[in-house]
Amino acid sequence: MADSWAQLKQDCGACRRCALCQTRHTLVFGVGNESSPILFVGEGPGEQEDLRGEPFVGPAGQLLDTMLELIDLDRKKVYIANIVKCRPPRNRDPLPEEIAACGEWLGRQIALLQPRIVVCLGRIAAKELIDPDFRITREHGLWLERDGRAYTATYHPSALLRDPGKRPEAFEDLRAIRQRLREENLY
Ligand code: URA
Ligand code: SF4
């Protein structure tokens, strides 16, 4: 039977495929416009996200909202998801086995959404969705066309909070994303 958002939310919502299910408060599925042509993918829920069940609602999320505003978007127009749906303890990087266990959910989100553009927020998403050897410092802002989708990466908002000196480069990446959305008449 064909997949649906309702089916996927039901299947994912009860997931206990990796050990992160033991420490999570709330599974963070994803949020936004389920026919958005652009998908933003972060790493995994942080403390606030784990408590509220929505991606990017803590400090990094406030910066993401500002970044979206800069390109005339907001979280209701786009779709936002993470590589892993449950918070890694103390915000450590998700482990390879956790990323692997969680992959089906993002895969099904992408299959339902069919986004034209996928924006990886940070290294973890870029390694998973673009290239296992992805180097965010060198390769952010580059575009890869694959199977009818355009993939790019920019700095994770948490990295921009830690190192505001990276913000001008991230702003350039965002401008390029806006330009592509306009060129392709996606909004
Ligand atoms: N960082 C992420 O990668 N994702 C979130 O949802 C929040 C913070
Ligand atoms: Fe399931 Fe992913 Fe949560 Fe692990 S992180 S329990 S695979 S939803």
# chains A, B, ... in the order shown; residues from 1 in each chain; ligands from 1
>>> residues_near_ligand(ligand="ligand 1", cutoff="7 Å", atoms="only C-alpha atoms and all ligand atoms", output="ChimeraX atom specification")
/A:42-46,49,54-58,60-61,82,158
>>> residues_near_ligand(ligand="ligand 2", cutoff="9 Å", atoms="only C-alpha atoms and all ligand atoms", output="number ranges by chain")
A: 12-22, 24, 27-29, 44, 83-88, 94, 97-105
>>> select_by_dssp(residues="chain A", states="strand (DSSP E or B)", output="list in words")
Val31, Gly32, Ile38, Leu39, Phe40, Val41, Gly42, Tyr79, Ile80, Ala81, Asn82, Ile117, Val118, Val119, Cys120, Leu121, Trp143, Leu144, Glu145, Arg146, Arg149, Ala150, Tyr151, Thr152, Ala153 and Thr154 of chain A
>>> closest_residue(among="A:Leu106, A:Leu39, A:Ala111, A:Ala153", to="Arg135 in chain A", atoms="only C-alpha atoms")
A:Ala153
>>> atom_distance(atom1="CA of Ile117 in chain A", atom2="CA of Pro37 in chain A")
6.3 Å
>>> residues_around(residues="Leu64 in chain A", least_positions_apart="6", cutoff="12 Å", atoms="only C-alpha atoms", output="ChimeraX atom specification")
/A:40-42,55-58,70-71,73-75,78,80,121,154-161,167,170-171,174
>>> select_by_dssp(residues="range 14-158 of chain A", states="helix (DSSP H, G or I)", output="PyMOL selection string")
chain A and resi 19-22+47-52+59-70+89-91+96-113+123-129+136-139+157-158
>>> closest_residue(among="A:Met67, A:Gly30, A:Trp5, A:Gly141", to="Ala81 in chain A", atoms="only C-alpha atoms")
A:Gly30
>>> residues_around(residues="Val118 in chain A", least_positions_apart="2", cutoff="10 Å", atoms="only C-alpha atoms", output="PyMOL selection string")
chain A and resi 37-41+79+110+114-116+120-121+126+129-130+143-144+149-153+177
